[in-house]
>>> print(open('run09.json').read())   # JSON, C-alpha atoms and all ligand atoms
[["chain", "number", "residue", "atom", "x", "y", "z"],
["A", 1, "MET", "CA", 154.21, 42.88, 73.82],
["A", 2, "LYS", "CA", 154.47, 46.66, 74.22],
["A", 3, "SER", "CA", 155.93, 47.71, 77.54],
["A", 4, "PHE", "CA", 153.79, 49.48, 80.14],
["A", 5, "PRO", "CA", 153.58, 53.28, 79.74],
["A", 6, "ALA", "CA", 156.30, 55.22, 81.54],
["A", 7, "ASN", "CA", 154.37, 58.49, 82.10],
["A", 8, "ALA", "CA", 150.83, 59.83, 82.37],
["A", 9, "LEU", "CA", 150.73, 60.98, 78.72],
["A", 10, "GLU", "CA", 151.80, 57.60, 77.41],
["A", 11, "PHE", "CA", 149.34, 56.01, 79.81],
["A", 12, "GLN", "CA", 146.43, 58.02, 78.42],
["A", 13, "GLU", "CA", 147.46, 57.07, 74.91],
["A", 14, "ALA", "CA", 147.80, 53.36, 75.71],
["A", 15, "PHE", "CA", 144.89, 52.79, 78.10],
["A", 16, "GLY", "CA", 142.39, 55.58, 77.43],
["A", 17, "THR", "CA", 139.53, 53.19, 76.51],
["A", 18, "GLU", "CA", 138.07, 49.90, 77.76],
["A", 19, "GLU", "CA", 138.94, 48.23, 74.45],
["A", 20, "LYS", "CA", 142.62, 49.10, 74.80],
["A", 21, "CYS", "CA", 142.72, 47.81, 78.40],
["A", 22, "GLU", "CA", 140.93, 44.60, 77.42],
["A", 23, "ALA", "CA", 143.32, 43.98, 74.54],
["A", 24, "TYR", "CA", 146.33, 44.47, 76.86],
["A", 25, "LEU", "CA", 144.80, 42.18, 79.49],
["A", 26, "ALA", "CA", 144.10, 39.45, 76.91],
["A", 27, "LYS", "CA", 147.73, 39.61, 75.70],
["A", 28, "LEU", "CA", 149.00, 39.37, 79.26],
["A", 29, "ARG", "CA", 146.70, 36.47, 80.11],
["A", 30, "TRP", "CA", 147.05, 34.51, 76.90],
["A", 31, "PRO", "CA", 150.36, 35.58, 75.28],
["A", 32, "HIS", "CA", 150.05, 32.81, 72.68],
["A", 33, "GLY", "CA", 146.34, 33.32, 72.05],
["A", 34, "PHE", "CA", 143.18, 32.31, 73.93],
["A", 35, "VAL", "CA", 143.20, 29.03, 75.86],
["A", 36, "CYS", "CA", 139.86, 27.75, 77.17],
["A", 37, "PRO", "CA", 140.05, 27.42, 80.98],
["A", 38, "ASN", "CA", 137.39, 24.71, 80.79],
["A", 39, "CYS", "CA", 138.83, 22.25, 78.25],
["A", 40, "GLY", "CA", 142.22, 23.69, 77.28],
["A", 41, "HIS", "CA", 141.28, 24.13, 73.60],
["A", 42, "ASP", "CA", 142.93, 27.09, 71.90],
["A", 43, "ASP", "CA", 140.35, 28.27, 69.40],
["A", 44, "SER", "CA", 137.49, 30.63, 70.10],
["A", 45, "TYR", "CA", 134.83, 32.90, 68.65],
["A", 46, "THR", "CA", 134.52, 36.38, 69.98],
["A", 47, "ALA", "CA", 131.01, 36.43, 71.42],
["A", 48, "SER", "CA", 128.61, 39.34, 70.95],
["A", 49, "THR", "CA", 130.11, 41.21, 73.90],
["A", 50, "ARG", "CA", 133.64, 42.14, 73.01],
["A", 51, "ASN", "CA", 135.29, 40.86, 76.19],
["A", 52, "LEU", "CA", 133.75, 37.37, 75.89],
["A", 53, "PHE", "CA", 135.49, 34.47, 74.20],
["A", 54, "GLN", "CA", 133.51, 31.36, 73.30],
["A", 55, "CYS", "CA", 135.40, 28.08, 73.01],
["A", 56, "THR", "CA", 134.76, 26.34, 69.66],
["A", 57, "VAL", "CA", 134.79, 22.89, 71.31],
["A", 58, "CYS", "CA", 132.97, 23.10, 74.66],
["A", 59, "LEU", "CA", 131.17, 26.37, 73.80],
["A", 60, "LYS", "CA", 131.91, 27.78, 77.26],
["A", 61, "GLN", "CA", 132.09, 31.56, 77.32],
["A", 62, "THR", "CA", 134.99, 33.14, 79.19],
["A", 63, "SER", "CA", 135.37, 36.82, 79.91],
["A", 64, "ILE", "CA", 138.82, 38.42, 79.90],
["A", 65, "THR", "CA", 138.47, 39.27, 83.58],
["A", 66, "ALA", "CA", 137.10, 35.87, 84.75],
["A", 67, "GLY", "CA", 139.35, 34.24, 87.33],
["A", 68, "THR", "CA", 141.48, 37.37, 87.78],
["A", 69, "LEU", "CA", 141.42, 40.03, 90.48],
["A", 70, "PHE", "CA", 139.10, 42.06, 88.20],
["A", 71, "HIS", "CA", 136.47, 39.28, 88.18],
["A", 72, "GLY", "CA", 132.92, 40.65, 88.49],
["A", 73, "THR", "CA", 134.10, 44.23, 88.94],
["A", 74, "HIS", "CA", 131.74, 47.14, 88.28],
["A", 75, "LEU", "CA", 134.64, 49.53, 87.97],
["A", 76, "PRO", "CA", 135.82, 50.13, 84.38],
["A", 77, "LEU", "CA", 139.23, 48.64, 83.53],
["A", 78, "THR", "CA", 140.43, 52.14, 82.65],
["A", 79, "CYS", "CA", 140.01, 53.03, 86.37],
["A", 80, "TRP", "CA", 141.69, 49.83, 87.53],
["A", 81, "PHE", "CA", 144.65, 50.44, 85.24],
["A", 82, "TRP", "CA", 144.96, 54.04, 86.44],
["A", 83, "ILE", "CA", 144.91, 52.94, 90.09],
["A", 84, "ILE", "CA", 147.54, 50.26, 89.43],
["A", 85, "TYR", "CA", 149.68, 52.78, 87.57],
["A", 86, "GLN", "CA", 149.41, 55.32, 90.40],
["A", 87, "VAL", "CA", 150.14, 52.74, 93.11],
["A", 88, "ALA", "CA", 153.28, 51.69, 91.24],
["A", 89, "GLN", "CA", 154.37, 55.29, 90.61],
["A", 90, "ASP", "CA", 153.99, 56.55, 94.17],
["A", 91, "LYS", "CA", 156.84, 55.14, 96.22],
["A", 92, "GLY", "CA", 155.11, 55.82, 99.52],
["A", 93, "GLY", "CA", 151.78, 54.27, 98.44],
["A", 94, "ALA", "CA", 148.84, 55.90, 96.67],
["A", 95, "SER", "CA", 146.32, 58.08, 98.51],
["A", 96, "CYS", "CA", 142.81, 56.65, 98.48],
["A", 97, "ARG", "CA", 141.10, 60.06, 98.62],
["A", 98, "LYS", "CA", 143.23, 61.47, 95.84],
["A", 99, "LEU", "CA", 142.41, 58.54, 93.55],
["A", 100, "ALA", "CA", 138.70, 58.79, 94.43],
["A", 101, "SER", "CA", 138.74, 62.45, 93.47],
["A", 102, "GLN", "CA", 140.72, 61.85, 90.24],
["A", 103, "LEU", "CA", 138.34, 59.11, 89.11],
["A", 104, "ASN", "CA", 135.17, 60.67, 90.55],
["A", 105, "ARG", "CA", 134.33, 57.47, 92.45],
["A", 106, "PRO", "CA", 133.35, 56.88, 96.09],
["A", 107, "VAL", "CA", 136.27, 56.61, 98.52],
["A", 108, "LYS", "CA", 134.87, 53.26, 99.68],
["A", 109, "THR", "CA", 135.14, 51.78, 96.15],
["A", 110, "ILE", "CA", 138.75, 52.89, 95.79],
["A", 111, "TRP", "CA", 139.54, 51.69, 99.30],
["A", 112, "HIS", "CA", 138.33, 48.19, 98.36],
["A", 113, "VAL", "CA", 140.28, 48.24, 95.11],
["A", 114, "LEU", "CA", 143.48, 49.25, 96.91],
["A", 115, "HIS", "CA", 143.05, 46.42, 99.40],
["A", 116, "LYS", "CA", 142.51, 43.99, 96.54],
["A", 117, "VAL", "CA", 145.67, 45.26, 94.87],
["A", 118, "ARG", "CA", 147.63, 44.72, 98.11],
["A", 119, "TYR", "CA", 146.21, 41.20, 98.33],
["A", 120, "ALA", "CA", 147.47, 40.56, 94.76],
["A", 121, "MET", "CA", 150.93, 41.81, 95.79],
["A", 122, "GLY", "CA", 150.97, 39.34, 98.69],
["A", 123, "ARG", "CA", 149.84, 36.47, 96.48],
["A", 124, "ARG", "CA", 152.54, 37.28, 93.93],
["A", 125, "ASP", "CA", 155.33, 37.10, 96.50],
["A", 126, "GLU", "CA", 154.15, 34.30, 98.78],
["A", 127, "GLY", "CA", 156.17, 31.77, 96.79],
["A", 128, "ILE", "CA", 159.46, 33.67, 97.22],
["A", 129, "THR", "CA", 161.90, 31.87, 99.48],
["A", 130, "LEU", "CA", 165.09, 33.29, 100.96],
["A", 131, "ALA", "CA", 168.59, 31.88, 100.60],
["A", 132, "GLY", "CA", 172.19, 32.73, 101.48],
["A", 133, "PHE", "CA", 173.06, 34.82, 104.51],
["A", 134, "ILE", "CA", 169.87, 35.86, 106.32],
["A", 135, "GLU", "CA", 169.43, 38.35, 109.15],
["A", 136, "ILE", "CA", 166.47, 37.66, 111.43],
["A", 137, "ASP", "CA", 164.80, 39.93, 113.99],
["A", 138, "GLU", "CA", 161.41, 41.05, 115.24],
["A", 139, "ALA", "CA", 159.70, 44.43, 114.91],
["A", 140, "ILE", "CA", 157.10, 45.77, 117.30],
["A", 141, "LEU", "CA", 154.34, 47.76, 115.65],
["A", 142, "GLY", "CA", 151.97, 49.43, 118.06],
["A", 143, "PRO", "CA", 151.42, 52.33, 120.41],
["A", 144, "GLU", "CA", 154.49, 53.78, 122.04],
["A", 145, "ALA", "CA", 155.07, 52.76, 125.62],
["A", 146, "ARG", "CA", 153.77, 55.20, 128.26],
["A", 147, "ARG", "CA", 151.64, 57.10, 125.75],
["A", 148, "PRO", "CA", 148.25, 58.12, 127.15],
["A", 149, "ALA", "CA", 145.46, 55.87, 125.83],
["A", 150, "LYS", "CA", 143.65, 58.75, 124.08],
["A", 151, "GLU", "CA", 146.59, 59.50, 121.85],
["A", 152, "GLU", "CA", 146.94, 55.89, 120.80],
["A", 153, "GLU", "CA", 144.08, 56.07, 118.35],
["A", 154, "VAL", "CA", 144.94, 57.53, 114.99],
["A", 155, "GLU", "CA", 142.44, 57.66, 112.20],
["A", 156, "GLU", "CA", 143.49, 56.01, 108.98],
["A", 157, "VAL", "CA", 142.83, 58.71, 106.43],
["A", 158, "ALA", "CA", 141.92, 56.31, 103.65],
["A", 159, "SER", "CA", 139.37, 54.29, 105.60],
["A", 160, "PRO", "CA", 135.72, 54.63, 104.54],
["A", 161, "VAL", "CA", 134.56, 53.04, 107.79],
["A", 162, "LYS", "CA", 132.89, 55.31, 110.35],
["A", 163, "LYS", "CA", 135.18, 56.35, 113.18],
["A", 164, "SER", "CA", 132.98, 54.61, 115.76],
["A", 165, "GLN", "CA", 133.23, 51.30, 113.86],
["A", 166, "MET", "CA", 136.92, 51.54, 113.16],
["A", 167, "PRO", "CA", 139.32, 49.01, 114.63],
["A", 168, "ARG", "CA", 142.02, 50.38, 116.87],
["A", 169, "GLN", "CA", 144.77, 51.94, 114.84],
["A", 170, "LEU", "CA", 148.41, 51.23, 115.37],
["A", 171, "LYS", "CA", 151.15, 53.68, 115.83],
["A", 172, "LEU", "CA", 154.62, 52.35, 115.62],
["A", 173, "GLY", "CA", 156.63, 51.98, 118.75],
["A", 174, "ARG", "CA", 158.62, 49.78, 121.02],
["A", 175, "LYS", "CA", 157.72, 47.20, 123.58],
["A", 176, "PRO", "CA", 157.66, 48.85, 127.02],
["A", 177, "LYS", "CA", 161.01, 48.34, 128.70],
["A", 178, "GLY", "CA", 160.97, 45.27, 130.89],
["A", 179, "GLY", "CA", 157.21, 44.96, 130.41],
["A", 180, "LYS", "CA", 154.90, 42.88, 128.31],
["A", 181, "LYS", "CA", 153.76, 43.77, 124.82],
["A", 182, "ARG", "CA", 150.51, 45.75, 124.78],
["A", 183, "LYS", "CA", 147.34, 44.24, 123.37],
["A", 184, "THR", "CA", 147.34, 46.79, 120.57],
["A", 185, "GLN", "CA", 150.91, 46.00, 119.58],
["A", 186, "VAL", "CA", 151.77, 43.49, 116.88],
["A", 187, "GLU", "CA", 154.98, 41.56, 116.56],
["A", 188, "VAL", "CA", 156.39, 41.03, 113.10],
["A", 189, "ILE", "CA", 159.06, 38.45, 112.28],
["A", 190, "VAL", "CA", 161.48, 39.99, 109.77],
["A", 191, "LEU", "CA", 163.82, 37.96, 107.57],
["A", 192, "VAL", "CA", 166.16, 39.62, 105.07],
["A", 193, "GLU", "CA", 168.79, 38.27, 102.72],
["A", 194, "ALA", "CA", 171.90, 40.22, 103.66],
["A", 195, "GLU", "CA", 174.91, 39.59, 101.45],
["A", 196, "ARG", "CA", 177.73, 42.08, 102.13],
["A", 197, "PHE", "CA", 175.34, 44.60, 103.75],
["A", 198, "HIS", "CA", 173.12, 44.58, 100.66],
["A", 199, "ALA", "CA", 169.47, 43.65, 101.26],
["A", 200, "GLY", "CA", 167.95, 41.09, 98.91],
["A", 201, "ASN", "CA", 164.52, 39.53, 99.29],
["A", 202, "VAL", "CA", 162.54, 40.18, 102.45],
["A", 203, "VAL", "CA", 159.84, 38.28, 104.35],
["A", 204, "LEU", "CA", 157.55, 39.87, 106.94],
["A", 205, "ARG", "CA", 155.06, 37.93, 109.03],
["A", 206, "ALA", "CA", 152.76, 39.36, 111.70],
["A", 207, "VAL", "CA", 152.42, 37.01, 114.67],
["A", 208, "GLU", "CA", 150.70, 37.11, 118.04],
["A", 209, "ARG", "CA", 154.06, 36.52, 119.69],
["A", 210, "THR", "CA", 157.56, 35.77, 118.46],
["A", 211, "THR", "CA", 158.02, 32.27, 119.83],
["A", 212, "TYR", "CA", 160.05, 29.21, 118.94],
["A", 213, "GLU", "CA", 156.99, 27.83, 117.07],
["A", 214, "SER", "CA", 156.13, 31.00, 115.14],
["A", 215, "VAL", "CA", 159.75, 31.53, 114.03],
["A", 216, "LYS", "CA", 160.07, 27.86, 113.06],
["A", 217, "GLU", "CA", 156.85, 27.98, 111.03],
["A", 218, "THR", "CA", 157.93, 31.13, 109.19],
["A", 219, "VAL", "CA", 161.42, 29.85, 108.41],
["A", 220, "GLU", "CA", 160.12, 26.46, 107.31],
["A", 221, "LEU", "CA", 157.69, 28.11, 104.90],
["A", 222, "ARG", "CA", 159.87, 30.88, 103.46],
["A", 223, "VAL", "CA", 163.53, 29.80, 103.57],
["A", 224, "ASP", "CA", 165.41, 27.26, 101.42],
["A", 225, "PRO", "CA", 167.07, 24.37, 103.31],
["A", 226, "CYS", "CA", 170.52, 24.71, 104.91],
["A", 227, "GLN", "CA", 171.06, 28.49, 104.93],
["A", 228, "VAL", "CA", 173.03, 30.71, 107.34],
["A", 229, "PHE", "CA", 171.21, 32.98, 109.80],
["A", 230, "LYS", "CA", 172.34, 35.83, 112.00],
["A", 231, "GLY", "CA", 170.19, 37.06, 114.87],
["A", 232, "ASP", "CA", 170.23, 37.95, 118.54],
["A", 233, "LYS", "CA", 167.17, 36.17, 119.99],
["A", 234, "LYS", "CA", 167.24, 32.73, 121.56],
["A", 235, "GLN", "CA", 163.87, 31.70, 120.02],
["A", 236, "ALA", "CA", 165.36, 32.33, 116.57],
["A", 237, "HIS", "CA", 168.54, 30.48, 117.51],
["A", 238, "TYR", "CA", 166.73, 27.29, 118.59],
["A", 239, "ALA", "CA", 164.05, 27.39, 115.86],
["A", 240, "VAL", "CA", 166.51, 27.92, 113.02],
["A", 241, "ARG", "CA", 168.93, 25.23, 114.21],
["A", 242, "SER", "CA", 166.11, 22.72, 114.70],
["A", 243, "LEU", "CA", 165.47, 23.01, 110.94],
["A", 244, "GLY", "CA", 169.09, 22.26, 110.04],
["A", 245, "HIS", "CA", 170.21, 25.84, 109.32],
["A", 246, "THR", "CA", 173.36, 27.42, 110.72],
["A", 247, "PHE", "CA", 172.93, 30.22, 113.26],
["A", 248, "VAL", "CA", 175.57, 32.79, 114.14],
["A", 249, "GLY", "CA", 175.26, 35.67, 116.55],
["A", 250, "LYS", "CA", 174.80, 36.28, 120.22],
["A", 251, "LYS", "CA", 172.50, 38.27, 122.45],
["A", 252, "SER", "CA", 173.28, 41.90, 121.72],
["A", 253, "ASN", "CA", 172.33, 44.90, 123.80],
["A", 254, "PRO", "CA", 169.81, 47.40, 122.35],
["A", 255, "ASP", "CA", 172.51, 50.02, 121.78],
["A", 256, "THR", "CA", 174.59, 47.83, 119.48],
["A", 257, "ALA", "CA", 171.77, 45.84, 117.79],
["A", 258, "CYS", "CA", 171.83, 48.18, 114.77],
["A", 259, "ILE", "CA", 175.53, 47.48, 114.28],
["A", 260, "ASP", "CA", 175.25, 43.72, 114.83],
["A", 261, "LEU", "CA", 172.27, 43.33, 112.48],
["A", 262, "PRO", "CA", 172.48, 46.35, 110.17],
["A", 263, "VAL", "CA", 170.42, 45.12, 107.21],
["A", 264, "VAL", "CA", 167.38, 43.85, 109.08],
["A", 265, "HIS", "CA", 167.33, 47.04, 111.19],
["A", 266, "ARG", "CA", 167.40, 49.15, 108.05],
["A", 267, "VAL", "CA", 164.42, 47.21, 106.68],
["A", 268, "ILE", "CA", 162.47, 47.60, 109.95],
["A", 269, "SER", "CA", 163.13, 51.32, 109.95],
["A", 270, "LEU", "CA", 161.95, 51.63, 106.31],
["A", 271, "LEU", "CA", 158.83, 49.60, 107.12],
["A", 272, "LYS", "CA", 157.92, 51.91, 110.01],
["A", 273, "HIS", "CA", 158.58, 54.95, 107.86],
["A", 274, "PHE", "CA", 156.38, 53.53, 105.07],
["A", 275, "LEU", "CA", 153.48, 52.73, 107.41],
["A", 276, "MET", "CA", 153.58, 56.10, 109.15],
["A", 277, "GLY", "CA", 154.44, 58.19, 106.12],
["A", 278, "THR", "CA", 151.46, 57.48, 103.90],
["A", 279, "TYR", "CA", 148.91, 55.79, 106.05],
["A", 280, "TYR", "CA", 149.33, 57.59, 109.40],
["A", 281, "GLY", "CA", 149.24, 54.28, 111.23],
["A", 282, "VAL", "CA", 147.48, 51.14, 110.12],
["A", 283, "SER", "CA", 144.83, 48.97, 111.74],
["A", 284, "LYS", "CA", 145.95, 45.60, 113.07],
["A", 285, "LYS", "CA", 143.47, 43.81, 110.80],
["A", 286, "TYR", "CA", 144.81, 45.29, 107.58],
["A", 287, "LEU", "CA", 148.49, 45.27, 108.54],
["A", 288, "PRO", "CA", 149.32, 42.14, 106.47],
["A", 289, "GLY", "CA", 148.09, 43.92, 103.32],
["A", 290, "TYR", "CA", 150.31, 46.95, 103.93],
["A", 291, "MET", "CA", 153.26, 44.68, 104.73],
["A", 292, "ALA", "CA", 152.65, 42.85, 101.43],
["A", 293, "GLU", "CA", 152.78, 46.21, 99.65],
["A", 294, "PHE", "CA", 156.02, 47.12, 101.42],
["A", 295, "CYS", "CA", 157.63, 43.78, 100.47],
["A", 296, "PHE", "CA", 156.42, 43.99, 96.86],
["A", 297, "ARG", "CA", 158.03, 47.42, 96.45],
["A", 298, "PHE", "CA", 161.16, 46.57, 98.40],
["A", 299, "ILE", "CA", 161.91, 43.40, 96.43],
["A", 300, "ARG", "CA", 161.51, 45.32, 93.14],
["A", 301, "ARG", "CA", 163.09, 48.60, 94.27],
["A", 302, "GLU", "CA", 165.78, 48.38, 91.60],
["A", 303, "LYS", "CA", 163.26, 47.69, 88.82],
["A", 304, "GLU", "CA", 161.08, 50.77, 89.24],
["A", 305, "ARG", "CA", 160.39, 51.17, 85.54],
["A", 306, "SER", "CA", 158.69, 47.80, 85.30],
["A", 307, "LEU", "CA", 156.81, 48.03, 88.60],
["A", 308, "SER", "CA", 153.46, 48.95, 86.98],
["A", 309, "GLU", "CA", 153.65, 45.97, 84.67],
["A", 310, "SER", "CA", 154.66, 43.63, 87.51],
["A", 311, "LEU", "CA", 151.70, 44.88, 89.53],
["A", 312, "LEU", "CA", 149.24, 44.47, 86.66],
["A", 313, "ARG", "CA", 150.57, 40.94, 86.13],
["A", 314, "ALA", "CA", 150.11, 40.25, 89.86],
["A", 315, "CYS", "CA", 146.46, 41.40, 89.59],
["A", 316, "VAL", "CA", 145.81, 39.25, 86.51],
["A", 317, "PHE", "CA", 147.18, 36.11, 88.11],
["A", 318, "ALA", "CA", 145.76, 36.62, 91.63],
["A", 319, "LEU", "CA", 142.54, 34.77, 92.35],
["A", 320, "PRO", "CA", 139.37, 36.86, 92.68],
["A", 321, "LEU", "CA", 138.64, 38.29, 96.12],
["A", 322, "THR", "CA", 135.10, 39.21, 97.20],
["A", 323, "TYR", "CA", 134.18, 42.27, 99.25],
["A", 324, "ASP", "CA", 133.08, 39.91, 102.05],
["A", 325, "GLU", "CA", 136.60, 38.48, 102.23],
["A", 326, "LEU", "CA", 137.95, 42.00, 102.61],
["A", 327, "LYS", "CA", 135.70, 43.01, 105.51],
["B", 401, "ZN", "ZN", 136.54, 24.78, 75.97]]
>>> encode(input="run09.json", output="structure tokens", more="lines below")
Ligand SMILES: [Zn+2]
Amino acid sequence: MKSFPANALEFQEAFGTEEKCEAYLAKLRWPHGFVCPNCGHDDSYTASTRNLFQCTVCLKQTSITAGTLFHGTHLPLTCWFWIIYQVAQDKGGASCRKLASQLNRPVKTIWHVLHKVRYAMGRRDEGITLAGFIEIDEAILGPEARRPAKEEEVEEVASPVKKSQMPRQLKLGRKPKGGKKRKTQVEVIVLVEAERFHAGNVVLRAVERTTYESVKETVELRVDPCQVFKGDKKQAHYAVRSLGHTFVGKKSNPDTACIDLPVVHRVISLLKHFLMGTYYGVSKKYLPGYMAEFCFRFIRREKERSLSESLLRACVFALPLTYDELK
């Protein structure tokens, strides 16, 4: 199979028409030829519409996009492919308004597509589990302590929702010293493979509060058995050891935390930079989607050339998502 285009010119050449996109999609979906999703038979007629395959045994018609993220879309595949290509190309994340203007489509349509793409990224990586030496910590995403309430609301540039209907936006800050977390702040459990100061796979999970239970649940779900953890919080210590892992580390003071847990702090700092850099703060509701995008990029940061193809693959193998599920 031909590799994904490496620049805009090649892209235009490879995916300039619906037929070319459909052919690429079919190859990606059925590398060894069509397989009927209904009965598993591998022979088909091409029905009158070019993107429909009809099984020769059960006669069920299957479209190339059925059962993928593109299922039932009104947007041409040429636009989808361009959006996926742009998302993969732009390290900081693609701008919704810019894409809408390039494709001459409503901002709202592109906004939905981008959220679907982020969902596909999350689905692609949800099976990844961590192993080896793992640093664990929590990040606080939310309005800075002592900031006047008025300044806490930042409009997400890409959102098509009216300002009055918009959920509260999050800036990125710290928990007030000695105080409780604010309602608008979100805690994120961060796990990173950290062999010899080099970051490997990463897991982020937004939680109401970082507790023994929430850490235990995250570790149980996303870490292989019997690994070694380093952290500085007692919840992490107890939760990790209760699952049979080894825990090293002690309570560190805020001034030396970056030295004690260098890799996880680097990841948290990159995450905050990513969220603020492109999206000017993110609403609490959509935060998991943006975190999925961050993880998808971070895990593949050394394979930039194949990022577009990985993302397209993620979209093909993600289950369809309706607009209602996105609301
Ligand atoms: Zn069939």
>>> residues_near_ligand(input="run09.json", ligand="ligand ZN 401 (chain B)", cutoff="12 Å", atoms="all atoms listed in the file", output="list in words")
Phe34, Val35, Cys36, Pro37, Asn38, Cys39, Gly40, His41, Asp42, Asp43, Ser44, Tyr45, Phe53, Gln54, Cys55, Thr56, Val57, Cys58, Leu59, Lys60, Gln61 and Thr62 of chain A
>>> write_last_selection(input="run09.json", atoms="C-alpha atoms", output="tab-separated table (two decimals), in the frame of the given file")
chain	number	residue	atom	x	y	z
A	34	PHE	CA	143.18	32.31	73.93
A	35	VAL	CA	143.20	29.03	75.86
A	36	CYS	CA	139.86	27.75	77.17
A	37	PRO	CA	140.05	27.42	80.98
A	38	ASN	CA	137.39	24.71	80.79
A	39	CYS	CA	138.83	22.25	78.25
A	40	GLY	CA	142.22	23.69	77.28
A	41	HIS	CA	141.28	24.13	73.60
A	42	ASP	CA	142.93	27.09	71.90
A	43	ASP	CA	140.35	28.27	69.40
A	44	SER	CA	137.49	30.63	70.10
A	45	TYR	CA	134.83	32.90	68.65
A	53	PHE	CA	135.49	34.47	74.20
A	54	GLN	CA	133.51	31.36	73.30
A	55	CYS	CA	135.40	28.08	73.01
A	56	THR	CA	134.76	26.34	69.66
A	57	VAL	CA	134.79	22.89	71.31
A	58	CYS	CA	132.97	23.10	74.66
A	59	LEU	CA	131.17	26.37	73.80
A	60	LYS	CA	131.91	27.78	77.26
A	61	GLN	CA	132.09	31.56	77.32
A	62	THR	CA	134.99	33.14	79.19
>>> atom_distance(input="run09.json", atom1="atom CA of Gly92 of chain A", atom2="atom CA of Asn104 of chain A")
22.4 Å
>>> closest_atom_pairs(input="run09.json", of="segment 43-133 of chain A", to="segment 287-295 of chain A", cutoff="12 Å", atoms="only C-alpha atoms", output="tab-separated table")
residue	atom	partner	partner_atom	distance
A:Val87	CA	A:Glu293	CA	9.6
A:Ala88	CA	A:Glu293	CA	10.1
A:Asp90	CA	A:Glu293	CA	11.8
A:Lys91	CA	A:Phe294	CA	9.6
A:Gly92	CA	A:Phe294	CA	9.0
A:Gly93	CA	A:Glu293	CA	8.2
A:Ala94	CA	A:Glu293	CA	10.9
A:His112	CA	A:Gly289	CA	11.8
A:Leu114	CA	A:Gly289	CA	9.5
A:His115	CA	A:Gly289	CA	6.9
A:Lys116	CA	A:Gly289	CA	8.8
A:Val117	CA	A:Glu293	CA	8.6
A:Arg118	CA	A:Gly289	CA	5.3
A:Tyr119	CA	A:Gly289	CA	6.0
A:Ala120	CA	A:Ala292	CA	8.8
A:Met121	CA	A:Ala292	CA	6.0
A:Gly122	CA	A:Ala292	CA	4.8
A:Arg123	CA	A:Ala292	CA	8.6
A:Arg124	CA	A:Ala292	CA	9.3
A:Asp125	CA	A:Ala292	CA	8.0
A:Glu126	CA	A:Ala292	CA	9.1
A:Ile128	CA	A:Cys295	CA	10.8
>>> atom_distance(input="run09.json", atom1="atom CA of Ile189 of chain A", atom2="atom CA of Gly231 of chain A")
11.5 Å
>>> residues_around(input="run09.json", residues="segment 243-258 of chain A", least_positions_apart="3", cutoff="12 Å", atoms="only C-alpha atoms", output="ChimeraX atom specification")
/A:131-138,174,177,212-213,215-221,223-240,261-269
>>> closest_residue(input="run09.json", among="A:Arg196, A:Lys27, A:His71, A:Arg241", to="Cys315 of chain A", atoms="only C-alpha atoms")
A:His71
>>> closest_residue(input="run09.json", among="A:Lys284, A:Arg105, A:Lys303, A:His273", to="His74 of chain A", atoms="only C-alpha atoms")
A:Arg105
>>> atom_distance(input="run09.json", atom1="atom CA of Cys96 of chain A", atom2="atom CA of Lys108 of chain A")
8.7 Å
>>> closest_residue(input="run09.json", among="A:Ala139, A:Leu312, A:Leu321, A:Leu103", to="Leu270 of chain A", atoms="all atoms listed in the file")
A:Ala139
>>> closest_residue(input="run09.json", among="A:Gln89, A:Thr129, A:Asn201, A:Ser283", to="Phe4 of chain A", atoms="all atoms listed in the file")
A:Gln89
>>> residues_around(input="run09.json", residues="Ala8 of chain A", least_positions_apart="3", cutoff="12 Å", atoms="all atoms listed in the file", output="list in words")
Phe4, Pro5, Phe11, Gln12, Glu13, Ala14, Phe15, Gly16, Phe81, Trp82, Ile83, Tyr85, Gln86 and Gln89 of chain A
>>> closest_residue(input="run09.json", among="A:Ala194, A:Leu52, A:Val316, A:Val188", to="Leu25 of chain A", atoms="only C-alpha atoms")
A:Val316
>>> build_atoms(input="run09.json", residues="segment 94-101 of chain A", atoms="N, CA and C atoms", output="tab-separated table (two decimals), in the coordinates of the input")
chain	number	residue	atom	x	y	z
A	94	ALA	N	149.78	54.92	97.22
A	94	ALA	CA	148.84	55.90	96.67
A	94	ALA	C	147.80	56.32	97.70
A	95	SER	N	147.34	57.57	97.58
A	95	SER	CA	146.32	58.08	98.51
A	95	SER	C	144.93	57.71	97.97
A	96	CYS	N	144.15	57.10	98.85
A	96	CYS	CA	142.81	56.65	98.48
A	96	CYS	C	141.92	57.83	98.10
A	97	ARG	N	141.97	58.90	98.89
A	97	ARG	CA	141.10	60.06	98.62
A	97	ARG	C	141.48	60.74	97.32
A	98	LYS	N	142.78	60.82	97.07
A	98	LYS	CA	143.23	61.47	95.84
A	98	LYS	C	142.75	60.70	94.61
A	99	LEU	N	142.86	59.37	94.67
A	99	LEU	CA	142.41	58.54	93.55
A	99	LEU	C	140.90	58.65	93.36
A	100	ALA	N	140.16	58.68	94.50
A	100	ALA	CA	138.70	58.79	94.43
A	100	ALA	C	138.32	60.10	93.74
A	101	SER	N	139.04	61.15	94.07
A	101	SER	CA	138.74	62.45	93.47
A	101	SER	C	139.13	62.47	91.99
